[in-house]
$ cat my_file_19.txt   # compact mmCIF, C-alpha atoms
# COMPACT_ATOMS: atom_id res chain seq x y z
CA MET F 1460 -9.99 -22.77 -69.54
CA ASN F 1461 -6.26 -23.46 -69.64
CA LYS F 1462 -5.47 -27.07 -68.84
CA GLN F 1463 -2.42 -27.97 -66.83
CA ARG F 1464 0.33 -29.52 -68.94
CA ILE F 1465 3.83 -30.71 -68.13
CA ARG F 1466 6.13 -28.38 -70.05
CA LEU F 1467 9.64 -29.39 -68.97
CA LEU F 1468 11.11 -32.50 -67.40
CA GLN F 1469 14.59 -32.65 -65.89
CA SER F 1470 16.61 -35.39 -64.21
CA LYS F 1471 20.09 -35.82 -62.82
CA ASN F 1472 21.94 -39.11 -62.20
CA PHE F 1473 18.94 -41.11 -63.42
CA LYS F 1474 19.86 -44.32 -65.24
CA ASN F 1475 21.22 -43.76 -68.76
CA LEU F 1476 19.60 -40.37 -69.44
CA ASN F 1477 21.46 -37.09 -69.75
CA MET F 1478 18.71 -34.61 -68.92
CA ASN F 1479 20.43 -32.03 -66.74
CA ASP F 1480 19.19 -29.19 -68.97
CA GLY F 1481 15.68 -30.56 -69.22
CA ILE F 1482 13.43 -31.66 -72.07
CA SER F 1483 10.67 -29.32 -73.19
CA LEU F 1484 7.32 -30.86 -74.04
CA ASN F 1485 4.67 -29.64 -76.47
CA ASN F 1486 1.06 -30.74 -76.82
CA LEU F 1487 2.25 -33.26 -79.44
CA ASN F 1488 5.50 -35.11 -78.72
CA ILE F 1489 6.96 -37.83 -80.95
CA PHE F 1490 10.04 -39.63 -79.60
CA ILE F 1491 12.32 -41.86 -81.66
CA GLY F 1492 15.54 -43.69 -80.87
CA PRO F 1493 17.19 -47.12 -80.83
CA ASN F 1494 16.32 -49.82 -78.33
CA CYS F 1495 17.96 -49.34 -74.90
CA SER F 1496 18.33 -45.60 -75.49
CA GLY F 1497 16.15 -44.56 -72.55
CA LYS F 1498 12.68 -44.04 -74.02
CA SER F 1499 11.13 -46.35 -71.42
CA ASN F 1500 13.19 -44.64 -68.69
CA PHE F 1501 11.83 -41.28 -69.80
CA ILE F 1502 8.25 -42.54 -69.62
CA SER F 1503 8.95 -44.17 -66.24
CA MET F 1504 9.71 -40.78 -64.68
CA LEU F 1505 6.20 -39.63 -65.49
CA GLN F 1506 4.69 -42.94 -64.38
CA PHE F 1507 6.67 -42.68 -61.13
CA LEU F 1508 5.06 -39.37 -60.24
CA LYS F 1509 1.59 -40.72 -60.90
CA ASP F 1510 2.31 -43.91 -58.92
CA CYS F 1511 3.45 -41.82 -55.95
CA ILE F 1512 -0.04 -40.35 -55.82
CA VAL F 1513 -2.46 -43.09 -56.84
CA ALA F 1514 -0.76 -46.51 -56.72
CA GLY F 1515 -0.02 -49.04 -54.02
CA SER F 1516 -1.56 -49.42 -50.60
CA GLU F 1517 -3.59 -46.59 -49.14
CA ASP F 1518 -3.64 -48.22 -45.72
CA LYS F 1519 0.08 -48.17 -45.03
CA GLN F 1520 2.12 -45.01 -44.74
CA GLY F 1521 4.53 -44.88 -47.66
CA GLY F 1522 2.75 -47.62 -49.57
CA ARG F 1523 2.26 -45.56 -52.72
CA TYR F 1524 5.78 -44.17 -52.73
CA GLU F 1525 7.41 -47.54 -52.06
CA TYR F 1526 5.42 -49.11 -54.88
CA ALA F 1527 6.37 -46.23 -57.19
CA VAL F 1528 10.06 -46.66 -56.36
CA SER F 1529 9.91 -50.40 -56.98
CA GLN F 1530 8.29 -49.80 -60.39
CA LEU F 1531 10.91 -47.17 -61.22
CA GLY F 1532 13.72 -49.63 -60.53
CA GLY F 1533 14.39 -49.50 -56.79
CA THR F 1534 18.05 -48.88 -56.01
CA ASN F 1535 18.90 -49.45 -59.69
CA ILE F 1536 17.68 -45.99 -60.67
CA LEU F 1537 21.14 -44.49 -60.19
CA ASN F 1538 23.54 -43.78 -63.02
CA LYS F 1539 25.88 -46.80 -63.15
CA ASP F 1540 29.02 -44.63 -62.96
CA ILE F 1541 28.00 -43.20 -59.58
CA LYS F 1542 28.55 -45.06 -56.33
CA THR F 1543 26.13 -45.02 -53.43
CA PRO F 1544 25.28 -43.18 -51.29
CA ALA F 1545 24.10 -40.70 -53.90
CA ASP F 1546 21.13 -38.63 -55.07
CA VAL F 1547 18.82 -38.79 -58.06
CA ASN F 1548 16.99 -35.57 -58.93
CA PHE F 1549 13.73 -35.05 -60.78
CA CYS F 1550 12.12 -31.74 -61.68
CA PHE F 1551 8.65 -31.43 -63.21
CA HIS F 1552 7.61 -28.05 -64.65
CA PHE F 1553 3.87 -27.52 -65.12
CA SER F 1554 2.20 -24.88 -67.26
CA LYS F 1555 0.13 -22.04 -65.91
CA THR F 1556 -3.64 -22.32 -65.63
CA ASP F 1557 -6.46 -19.92 -64.89
CA THR F 1558 -6.08 -20.60 -61.16
CA ILE F 1559 -2.27 -21.02 -61.16
CA PRO F 1560 -1.10 -18.08 -63.31
CA LYS F 1561 2.63 -18.71 -62.86
CA GLY F 1562 2.67 -22.47 -63.28
CA LEU F 1563 4.32 -24.92 -60.89
CA ASN F 1564 7.71 -26.47 -60.37
CA LEU F 1565 7.90 -29.75 -58.42
CA ASP F 1566 11.44 -30.71 -57.34
CA LEU F 1567 12.31 -34.12 -55.91
CA GLN F 1568 15.68 -35.25 -54.62
CA LEU F 1569 15.85 -38.97 -53.88
CA PHE F 1570 18.59 -40.47 -51.73
CA ILE F 1571 19.94 -43.97 -52.41
CA GLY F 1572 21.65 -45.34 -49.31
CA ALA F 1573 24.80 -47.43 -49.31
CA ARG F 1574 24.01 -49.89 -46.53
CA ASP F 1575 20.25 -50.23 -46.22
CA SER F 1576 19.68 -49.88 -50.02
CA LYS F 1577 16.59 -47.75 -49.45
CA VAL F 1578 15.41 -44.94 -51.69
CA THR F 1579 14.03 -42.11 -49.57
CA ILE F 1580 13.03 -38.53 -50.22
CA LYS F 1581 15.87 -36.21 -49.32
CA LYS F 1582 14.26 -32.95 -50.45
CA GLU F 1583 10.94 -31.93 -51.96
CA SER F 1584 9.59 -28.52 -52.88
CA LEU F 1585 6.80 -26.94 -54.87
CA SER F 1586 7.25 -23.45 -56.27
CA ASP F 1587 6.32 -21.11 -59.09
CA SER F 1588 7.71 -22.39 -62.37
CA ILE F 1589 8.92 -19.04 -63.72
CA LEU F 1590 12.50 -20.08 -64.36
CA VAL F 1591 13.90 -16.56 -64.76
CA GLN F 1592 12.63 -15.55 -61.34
CA LEU F 1593 15.51 -15.25 -58.88
CA THR F 1594 13.41 -15.86 -55.78
CA PRO F 1595 10.40 -18.01 -56.68
CA PHE F 1596 7.43 -18.30 -54.40
CA TYR F 1597 7.61 -21.63 -52.53
CA TYR F 1598 4.35 -23.29 -51.55
CA TYR F 1599 6.33 -25.70 -49.39
CA LYS F 1600 9.79 -27.08 -48.74
CA TYR F 1601 10.05 -30.48 -47.07
CA HIS F 1602 13.22 -32.06 -45.63
CA ASP F 1603 15.09 -28.97 -46.82
CA ILE F 1604 17.21 -28.41 -43.71
CA GLU F 1605 16.37 -31.50 -41.68
CA ILE F 1606 14.74 -34.80 -42.66
CA GLY F 1607 11.17 -34.97 -41.36
CA LYS F 1608 10.76 -31.19 -41.07
CA GLY F 1609 9.80 -28.44 -43.43
CA VAL F 1610 8.01 -25.16 -44.04
CA VAL F 1611 4.73 -24.19 -45.68
CA SER F 1612 3.77 -20.75 -47.02
CA TYR F 1613 0.79 -18.83 -45.64
CA TYR F 1614 -0.57 -15.49 -46.79
CA ASP F 1615 -0.38 -12.74 -44.20
CA ASP F 1616 -3.89 -11.56 -45.00
CA SER F 1617 -6.85 -12.40 -47.18
CA HIS F 1618 -5.52 -10.18 -49.99
CA ALA F 1619 -2.49 -12.45 -50.57
CA ARG F 1620 -0.13 -9.49 -50.90
CA SER F 1621 2.57 -11.01 -48.70
CA SER F 1622 3.37 -14.35 -47.12
CA HIS F 1623 5.46 -16.09 -44.51
CA PHE F 1624 6.72 -19.60 -43.77
CA GLU F 1625 5.46 -21.72 -40.91
CA ARG F 1626 7.26 -24.84 -39.75
CA VAL F 1627 5.76 -28.32 -39.93
CA ASP F 1628 7.12 -31.48 -38.34
CA ASN F 1629 6.74 -35.25 -38.64
CA ILE F 1630 6.89 -35.37 -42.43
CA PRO F 1631 7.66 -38.95 -43.53
CA ASN F 1632 10.45 -39.29 -46.07
CA ASN F 1633 8.90 -42.41 -47.59
CA SER F 1634 5.85 -40.61 -48.96
CA LEU F 1635 5.45 -37.86 -51.51
CA GLY F 1636 4.86 -34.66 -49.56
CA LEU F 1637 2.49 -33.32 -52.21
CA ASN F 1638 0.22 -36.25 -51.50
CA LEU F 1639 0.28 -35.60 -47.76
CA THR F 1640 -0.21 -31.85 -47.75
CA HIS F 1641 -3.81 -31.84 -46.53
CA SER F 1642 -3.12 -34.25 -43.68
CA ILE F 1643 0.05 -32.36 -42.71
CA LEU F 1644 -1.90 -29.10 -42.46
CA GLU F 1645 -4.95 -30.48 -40.63
CA GLU F 1646 -3.85 -28.88 -37.36
CA SER F 1647 -3.03 -25.51 -38.90
CA LYS F 1648 -4.90 -22.53 -37.48
CA ASN F 1649 -4.80 -20.75 -40.83
CA PRO F 1650 -7.97 -20.82 -42.97
CA PRO F 1651 -7.74 -22.52 -46.40
CA GLU F 1652 -7.98 -19.21 -48.29
CA ARG F 1653 -4.72 -18.12 -46.63
CA THR F 1654 -3.00 -21.44 -47.35
CA PRO F 1655 -2.14 -21.38 -51.09
CA ILE F 1656 -1.00 -25.00 -51.20
CA TYR F 1657 -4.53 -26.29 -50.54
CA LYS F 1658 -6.01 -25.28 -53.88
CA VAL F 1659 -2.77 -25.69 -55.84
CA SER F 1660 -2.08 -29.23 -54.62
CA ARG F 1661 -5.60 -30.38 -55.39
CA GLU F 1662 -5.44 -29.15 -58.99
CA LEU F 1663 -1.97 -30.62 -59.50
CA ILE F 1664 -2.92 -33.99 -57.98
CA ASP F 1665 -6.06 -34.14 -60.14
CA THR F 1666 -3.95 -33.46 -63.24
CA ILE F 1667 -1.35 -36.13 -62.46
CA THR F 1668 -3.98 -38.67 -61.41
CA ASN F 1669 -5.53 -38.26 -64.85
CA TRP F 1670 -2.36 -39.22 -66.74
CA HIS F 1671 -2.77 -42.46 -68.71
CA PHE F 1672 -0.08 -44.76 -70.10
CA TYR F 1673 -0.42 -47.42 -72.80
CA ASN F 1674 2.03 -49.90 -74.27
CA SER F 1675 1.00 -52.05 -77.23
CA ASN F 1676 2.70 -55.04 -75.62
CA ASP F 1677 0.39 -54.77 -72.60
CA MET F 1678 -2.78 -55.13 -74.64
CA ASN F 1679 -4.35 -58.51 -73.99
CA LEU F 1680 -6.18 -59.29 -77.22
CA ASN F 1681 -7.77 -62.41 -75.80
CA LYS F 1682 -9.26 -60.44 -72.89
CA ILE F 1683 -10.45 -57.69 -75.22
CA ARG F 1684 -12.21 -60.24 -77.42
CA THR F 1685 -13.79 -62.34 -74.68
CA SER F 1686 -14.61 -59.78 -72.00
CA GLU F 1687 -18.22 -58.82 -71.51
CA PRO F 1688 -17.92 -56.15 -68.82
CA LYS F 1689 -20.79 -55.41 -66.50
CA ILE F 1690 -22.86 -52.31 -67.09
CA GLY F 1691 -22.63 -49.82 -64.26
CA PRO F 1692 -19.02 -48.72 -63.68
CA SER F 1693 -18.35 -45.23 -64.99
CA ASP F 1694 -15.07 -46.08 -66.76
CA ILE F 1695 -14.18 -43.70 -69.59
CA TYR F 1696 -10.51 -44.71 -69.92
CA LEU F 1697 -9.33 -47.95 -71.44
CA SER F 1698 -7.44 -50.20 -69.06
CA LYS F 1699 -3.86 -51.14 -69.95
CA SER F 1700 -4.98 -54.60 -71.00
CA GLY F 1701 -7.98 -53.21 -72.89
CA HIS F 1702 -10.47 -55.60 -71.27
CA ASN F 1703 -13.04 -52.83 -70.59
CA LEU F 1704 -13.20 -51.66 -74.22
CA ALA F 1705 -16.93 -52.34 -74.64
CA LEU F 1706 -17.77 -50.52 -71.40
CA ILE F 1707 -15.80 -47.37 -72.14
CA ILE F 1708 -17.28 -47.12 -75.64
CA GLU F 1709 -20.76 -47.46 -74.15
CA ASN F 1710 -20.03 -44.82 -71.50
CA LEU F 1711 -18.47 -42.37 -73.97
CA ILE F 1712 -21.47 -42.70 -76.27
CA GLN F 1713 -23.75 -41.93 -73.34
CA ALA F 1714 -21.56 -38.96 -72.35
CA ASP F 1715 -21.25 -37.41 -75.83
CA ILE F 1716 -23.98 -37.59 -78.44
CA ASN F 1717 -21.47 -37.25 -81.32
CA PHE F 1718 -19.01 -39.93 -80.25
CA GLU F 1719 -20.76 -42.92 -81.82
CA GLU F 1720 -20.85 -41.19 -85.20
CA SER F 1721 -17.18 -40.14 -85.03
CA LEU F 1722 -16.15 -43.63 -83.91
CA ASN F 1723 -18.04 -45.27 -86.78
CA LYS F 1724 -16.48 -42.81 -89.24
CA ALA F 1725 -13.03 -43.73 -87.88
CA ILE F 1726 -13.71 -47.46 -88.16
CA ARG F 1727 -14.96 -47.06 -91.75
CA SER F 1728 -11.62 -45.46 -92.55
CA ILE F 1729 -9.86 -48.72 -91.67
CA ILE F 1730 -12.58 -51.14 -92.90
CA PRO F 1731 -14.63 -49.29 -95.58
CA ILE F 1732 -17.39 -51.92 -95.74
CA THR F 1733 -18.37 -51.19 -92.13
CA ARG F 1734 -22.08 -50.40 -91.77
CA ARG F 1735 -22.17 -49.93 -88.02
CA PHE F 1736 -20.04 -50.62 -84.98
CA ARG F 1737 -21.77 -50.44 -81.63
CA PRO F 1738 -21.91 -51.69 -78.04
CA ALA F 1739 -24.85 -54.00 -77.31
CA ARG F 1740 -26.34 -55.63 -74.25
CA THR F 1741 -25.80 -59.32 -73.62
CA GLY F 1742 -28.32 -60.42 -71.06
CA LEU F 1743 -29.37 -57.93 -68.41
CA MET F 1744 -26.09 -56.56 -67.08
CA SER F 1745 -23.28 -57.26 -69.58
CA ILE F 1746 -22.14 -55.59 -72.76
CA ASN F 1747 -20.13 -56.52 -75.84
CA LEU F 1748 -19.26 -55.01 -79.22
CA GLN F 1749 -21.03 -55.78 -82.48
CA TRP F 1750 -19.67 -55.04 -85.95
CA TYR F 1751 -21.97 -54.96 -89.00
CA PHE F 1752 -20.58 -55.13 -92.53
CA GLU F 1753 -22.15 -54.43 -95.92
CA GLY F 1754 -23.39 -57.62 -97.53
CA PHE F 1755 -23.89 -59.45 -94.22
CA GLN F 1756 -27.12 -59.60 -92.21
CA GLU F 1757 -25.56 -61.01 -89.07
CA CYS F 1758 -23.18 -59.02 -86.89
CA PHE F 1759 -19.59 -59.98 -86.19
CA TYR F 1760 -17.92 -59.96 -82.78
CA LEU F 1761 -14.34 -59.10 -81.86
CA ASN F 1762 -13.37 -62.78 -81.54
CA GLU F 1763 -13.98 -62.97 -85.30
CA ILE F 1764 -11.86 -59.91 -86.16
CA SER F 1765 -8.10 -59.67 -86.87
CA ASP F 1766 -5.59 -58.63 -84.22
CA GLY F 1767 -4.72 -55.43 -86.09
CA ALA F 1768 -8.35 -54.34 -86.39
CA VAL F 1769 -8.92 -54.92 -82.67
CA ARG F 1770 -5.85 -52.82 -81.85
CA MET F 1771 -7.05 -50.01 -84.10
CA ILE F 1772 -10.44 -49.98 -82.35
CA CYS F 1773 -8.58 -49.55 -79.05
CA TRP F 1774 -6.55 -46.64 -80.43
CA ALA F 1775 -9.71 -45.05 -81.84
CA ALA F 1776 -11.42 -45.27 -78.45
CA ILE F 1777 -8.38 -43.73 -76.76
CA LEU F 1778 -7.34 -41.07 -79.28
CA LEU F 1779 -10.78 -39.91 -80.40
CA SER F 1780 -12.33 -39.86 -76.94
CA PRO F 1781 -14.35 -36.71 -76.20
CA LYS F 1782 -13.03 -36.94 -72.63
CA PRO F 1783 -9.27 -37.43 -73.00
CA PRO F 1784 -6.89 -37.75 -70.04
CA SER F 1785 -4.71 -34.78 -69.05
CA LEU F 1786 -1.68 -36.63 -70.48
CA LEU F 1787 -1.77 -39.54 -72.91
CA VAL F 1788 1.40 -41.62 -73.33
CA ILE F 1789 1.53 -44.43 -75.91
CA ASP F 1790 4.55 -46.64 -76.52
CA GLU F 1791 4.82 -48.14 -80.02
CA PRO F 1792 1.20 -47.78 -81.18
CA GLU F 1793 2.18 -49.16 -84.60
CA LEU F 1794 2.74 -52.73 -83.38
CA GLY F 1795 0.65 -55.29 -85.27
CA LEU F 1796 -0.83 -52.75 -87.67
CA HIS F 1797 -0.78 -52.79 -91.47
CA VAL F 1798 1.32 -50.05 -93.06
CA SER F 1799 -1.74 -48.71 -94.90
CA TRP F 1800 -3.24 -47.70 -91.54
CA MET F 1801 -0.31 -45.45 -90.55
CA PRO F 1802 -1.78 -42.26 -92.07
CA ILE F 1803 -5.05 -42.98 -90.26
CA LEU F 1804 -3.31 -43.62 -86.94
CA SER F 1805 -1.18 -40.47 -87.33
CA GLU F 1806 -4.30 -38.40 -87.98
CA TRP F 1807 -5.95 -39.75 -84.83
CA ILE F 1808 -2.83 -38.86 -82.85
CA LYS F 1809 -2.91 -35.29 -84.20
CA ILE F 1810 -6.61 -35.00 -83.33
CA ALA F 1811 -5.89 -36.13 -79.77
CA ALA F 1812 -3.08 -33.57 -79.43
CA GLN F 1813 -5.56 -30.79 -80.21
CA LYS F 1814 -7.52 -31.76 -77.10
CA THR F 1815 -4.82 -32.88 -74.66
CA GLN F 1816 -1.09 -33.51 -74.29
CA VAL F 1817 0.21 -36.56 -76.15
CA ILE F 1818 3.54 -38.43 -75.99
CA ILE F 1819 4.22 -41.13 -78.60
CA CYS F 1820 7.32 -43.36 -78.74
CA THR F 1821 7.79 -45.15 -82.04
CA HIS F 1822 10.23 -47.19 -84.13
CA SER F 1823 8.08 -46.97 -87.25
CA PRO F 1824 9.36 -45.00 -90.26
CA ASP F 1825 5.95 -45.60 -91.86
CA LEU F 1826 4.31 -43.70 -89.01
CA LEU F 1827 7.01 -41.01 -88.98
CA ASP F 1828 6.31 -40.22 -92.65
CA TYR F 1829 3.07 -38.59 -91.56
CA PHE F 1830 4.75 -36.31 -89.00
CA THR F 1831 7.04 -34.64 -91.53
CA GLU F 1832 5.01 -31.43 -91.19
CA HIS F 1833 5.32 -31.71 -87.40
CA ILE F 1834 9.12 -31.96 -87.30
CA ASP F 1835 9.23 -29.42 -84.43
CA ASP F 1836 7.36 -31.94 -82.28
CA VAL F 1837 9.82 -34.80 -82.93
CA ARG F 1838 12.71 -35.61 -80.55
CA CYS F 1839 15.47 -38.16 -80.94
CA PHE F 1840 17.34 -40.13 -78.27
CA SER F 1841 21.01 -40.08 -79.26
CA SER F 1842 24.39 -40.81 -77.71
CA LYS F 1843 28.06 -40.13 -78.40
CA ASP F 1844 29.33 -43.05 -76.34
CA SER F 1845 26.38 -45.53 -76.47
CA LYS F 1846 26.18 -45.29 -72.67
CA TYR F 1847 24.30 -42.11 -71.89
CA PHE F 1848 21.59 -40.64 -74.07
CA SER F 1849 20.36 -37.11 -74.61
CA ILE F 1850 17.00 -36.16 -76.09
CA ASN F 1851 17.47 -33.69 -78.92
CA PRO F 1852 15.26 -31.85 -81.40
CA ILE F 1853 15.71 -32.67 -85.08
CA SER F 1854 17.04 -29.79 -87.18
CA LYS F 1855 14.29 -28.63 -89.51
CA THR F 1856 16.68 -26.16 -91.14
CA GLN F 1857 19.18 -28.86 -92.08
CA LEU F 1858 16.46 -31.13 -93.46
CA GLN F 1859 14.41 -28.54 -95.36
CA GLY F 1860 16.32 -29.10 -98.61
CA LYS F 1861 15.58 -32.84 -98.49
CA PHE F 1862 11.92 -32.17 -97.70
CA ASP F 1863 11.77 -29.83 -100.69
CA ASP F 1864 13.15 -32.69 -102.82
CA GLY F 1865 10.27 -34.93 -101.74
CA TRP F 1866 11.84 -36.82 -98.84
CA LYS F 1867 9.65 -37.53 -95.84
CA LEU F 1868 10.77 -37.88 -92.24
CA GLY F 1869 10.28 -41.66 -92.28
CA ASP F 1870 12.33 -41.94 -95.49
CA LEU F 1871 15.28 -40.29 -93.77
CA TYR F 1872 14.82 -42.51 -90.74
CA ARG F 1873 14.82 -45.63 -92.96
CA VAL F 1874 18.19 -44.80 -94.53
CA GLY F 1875 19.77 -43.82 -91.22
CA ASP F 1876 20.23 -40.13 -91.98
CA PRO F 1877 22.50 -38.82 -89.17
CA ILE F 1878 20.51 -35.60 -88.82
CA VAL F 1879 17.37 -37.58 -88.01
CA GLY F 1880 19.18 -40.13 -85.85
CA GLY F 1881 17.33 -42.87 -84.04
CA TRP F 1882 19.70 -45.66 -85.11
CA PRO F 1883 22.03 -47.66 -82.82
CA TRP F 1884 25.11 -46.78 -84.90
$ encode --input "my_file_19.txt" --output "structure tokens"
Amino acid sequence: MNKQRIRLLQSKNFKNLNMNDGISLNNLNIFIGPNCSGKSNFISMLQFLKDCIVAGSEDKQGGRYEYAVSQLGGTNILNKDIKTPADVNFCFHFSKTDTIPKGLNLDLQLFIGARDSKVTIKKESLSDSILVQLTPFYYYKYHDIEIGKGVVSYYDDSHARSSHFERVDNIPNNSLGLNLTHSILEESKNPPERTPIYKVSRELIDTITNWHFYNSNDMNLNKIRTSEPKIGPSDIYLSKSGHNLALIIENLIQADINFEESLNKAIRSIIPITRRFRPARTGLMSINLQWYFEGFQECFYLNEISDGAVRMICWAAILLSPKPPSLLVIDEPELGLHVSWMPILSEWIKIAAQKTQVIICTHSPDLLDYFTEHIDDVRCFSSKDSKYFSINPISKTQLQGKFDDGWKLGDLYRVGDPIVGGWPW
């Protein structure tokens, strides 16, 4: 079964990024660039879309969207050279799947007002993502001609050979229309099988909801070490702080008979004297992690283990999971890790990219060394004026001679090779 991936991301007038032509995404994506070049802004576009669907208050209309906007930057999302009122545009292109054979294209146009300083949705549409198609099929268009109104496509018959638009009213412009589609169409007289947006929106929402974002700086090592989560919740994804590590390892072991063995193999690669690493019950309802080493009868607990080793266990649980998220984004996974673990971490990242879509942002030449053979998956944030940054592929053709001479990608990054880029000068 083809899984839905995000294949192209475009923006216009958004902060310091020059992405009018869009950035293509593979299953494995490694981003490099200097600080303040826009890597976090790039990630925030993806986080914004997820927040619009799952974050904030569910009780108040617009709660999710308003939270998402505040996390994105509020009225500060606009390119600094543009005065309000003005628009910021985002376009998300999704790959085809077995049930969506032409893929999807979600377009958002946000309006930043001059007086009230609000960020509202000016236009939103969902269509086929075949870019060469002159007249794509639109599942819906909201606020296209008038704010608060729009049209939705319906098939003319059960064979889906032709379609027509029907008008819908009372669409709030402080909520993502994709998230409201089912409630908007509740009064429609058309059956679900003649309303293509029903099935499409559910699959797309499920995909985006399953995106997961991690930043090494957000990991709370004290919580990871001291937490003894209760048995019962069905968590299979590590929280941003990492406090539920023991629980997700327990649940993944229960869900996949091979996971405990693969996890122990991974942990032996970082600490060879490991005999066994496992979750264990503490009392009736809690769980913690026990680590057994050769030469020791007693087990060790995470509060007795180094920061770097704890971080690597977190990455192993995330990257080697038999049930990965639909998109996995990790910012600076190398933080706090010994250089000797970079080949191991890179291998875990490559394994994860075989099962799902992965985005990694890194400053580490030691990690980059091990993606030399994956140069086509590496992108660099670069700028001609140090104000606005583009995201560009690295020329494999120009670097091939240096690779043949024994240079690795990280070597070229260390010496500031201009073809590789990633440096602030």
$ closest_residue --input "my_file_19.txt" --among "F:Ala1776, F:Leu1476, F:Ile1489, F:Leu1680" --to "Tyr1829 (chain F)" --atoms "all atoms listed in the file"
F:Ile1489
$ atom_distance --input "my_file_19.txt" --atom1 "CA of Cys1511 (chain F)" --atom2 "CA of Asn1679 (chain F)"
25.8 Å
$ residues_near_point --input "my_file_19.txt" --point "(7.2, -24.0, -40.1)" --cutoff "7 Å" --atoms "all atoms listed in the file" --output "list of chain:residue names"
F:Gly1609, F:Val1610, F:Val1611, F:Phe1624, F:Glu1625, F:Arg1626, F:Val1627
$ residues_around --input "my_file_19.txt" --residues "Ser1584 (chain F)" --least-positions-apart "6" --cutoff "9 Å" --atoms "only C-alpha atoms" --output "ChimeraX atom specification"
/F:1564-1567,1597-1603,1636-1637
$ residues_around --input "my_file_19.txt" --residues "Thr1741 (chain F)" --least-positions-apart "3" --cutoff "10 Å" --atoms "all atoms listed in the file" --output "PyMOL selection string"
chain F and resi 1687-1689+1738+1744-1748
$ atom_distance --input "my_file_19.txt" --atom1 "CA of Lys1509 (chain F)" --atom2 "CA of Tyr1526 (chain F)"
11.0 Å
$ atom_distance --input "my_file_19.txt" --atom1 "CA of Lys1658 (chain F)" --atom2 "CA of Tyr1696 (chain F)"
25.6 Å
$ closest_residue --input "my_file_19.txt" --among "F:Ser1780, F:Asn1703, F:Gln1859, F:Thr1815" --to "Asn1717 (chain F)" --atoms "only C-alpha atoms"
F:Ser1780
$ closest_residue --input "my_file_19.txt" --among "F:Asn1674, F:Ser1470, F:Asn1548, F:Thr1579" --to "Ser1634 (chain F)" --atoms "only C-alpha atoms"
F:Thr1579
$ residues_around --input "my_file_19.txt" --residues "Val1547 (chain F)" --least-positions-apart "3" --cutoff "8 Å" --atoms "all atoms listed in the file" --output "mmCIF file with C-alpha atoms, in the coordinates of the input"
data_model
loop_
_atom_site.group_PDB
_atom_site.id
_atom_site.type_symbol
_atom_site.label_atom_id
_atom_site.label_comp_id
_atom_site.auth_asym_id
_atom_site.auth_seq_id
_atom_site.Cartn_x
_atom_site.Cartn_y
_atom_site.Cartn_z
ATOM 1 C CA SER F 1470 16.610 -35.390 -64.210
ATOM 2 C CA LYS F 1471 20.090 -35.820 -62.820
ATOM 3 C CA ASN F 1472 21.940 -39.110 -62.200
ATOM 4 C CA PHE F 1473 18.940 -41.110 -63.420
ATOM 5 C CA ILE F 1536 17.680 -45.990 -60.670
ATOM 6 C CA LEU F 1537 21.140 -44.490 -60.190
ATOM 7 C CA GLN F 1568 15.680 -35.250 -54.620
ATOM 8 C CA LEU F 1569 15.850 -38.970 -53.880
ATOM 9 C CA PHE F 1570 18.590 -40.470 -51.730
ATOM 10 C CA ILE F 1571 19.940 -43.970 -52.410
#
$ closest_residue --input "my_file_19.txt" --among "F:Gln1857, F:Asn1851, F:Thr1534, F:Thr1556" --to "Gly1880 (chain F)" --atoms "only C-alpha atoms"
F:Asn1851
$ axis_aligned_box --input "my_file_19.txt" --around "region 1737-1749 of chain F" --padding-each-side "3 Å" --output "JSON"
{"center_x": -24.3, "center_y": -55.4, "center_z": -74.8, "size_x": 16.1, "size_y": 16.0, "size_z": 21.4}
$ closest_atom_pairs --input "my_file_19.txt" --of "region 1551-1627 of chain F" --to "region 1650-1657 of chain F" --cutoff "10 Å" --atoms "all atoms listed in the file" --output "JSON lines"
{"residue": "F:Leu1585", "atom": "CA", "partner": "F:Ile1656", "partner_atom": "CA", "distance": 8.8}
{"residue": "F:Ser1586", "atom": "CA", "partner": "F:Ile1656", "partner_atom": "CA", "distance": 9.8}
{"residue": "F:Tyr1597", "atom": "CA", "partner": "F:Ile1656", "partner_atom": "CA", "distance": 9.3}
{"residue": "F:Tyr1598", "atom": "CA", "partner": "F:Ile1656", "partner_atom": "CA", "distance": 5.6}
{"residue": "F:Tyr1599", "atom": "CA", "partner": "F:Ile1656", "partner_atom": "CA", "distance": 7.6}
{"residue": "F:Val1611", "atom": "CA", "partner": "F:Ile1656", "partner_atom": "CA", "distance": 8.0}
{"residue": "F:Ser1612", "atom": "CA", "partner": "F:Thr1654", "partner_atom": "CA", "distance": 6.8}
{"residue": "F:Tyr1613", "atom": "CA", "partner": "F:Thr1654", "partner_atom": "CA", "distance": 4.9}
{"residue": "F:Tyr1614", "atom": "CA", "partner": "F:Arg1653", "partner_atom": "CA", "distance": 4.9}
{"residue": "F:Asp1615", "atom": "CA", "partner": "F:Arg1653", "partner_atom": "CA", "distance": 7.3}
{"residue": "F:Asp1616", "atom": "CA", "partner": "F:Arg1653", "partner_atom": "CA", "distance": 6.8}
{"residue": "F:Ser1617", "atom": "CA", "partner": "F:Arg1653", "partner_atom": "CA", "distance": 6.1}
{"residue": "F:His1618", "atom": "CA", "partner": "F:Arg1653", "partner_atom": "CA", "distance": 8.7}
{"residue": "F:Ala1619", "atom": "CA", "partner": "F:Arg1653", "partner_atom": "CA", "distance": 7.3}
{"residue": "F:Ser1622", "atom": "CA", "partner": "F:Arg1653", "partner_atom": "CA", "distance": 8.9}
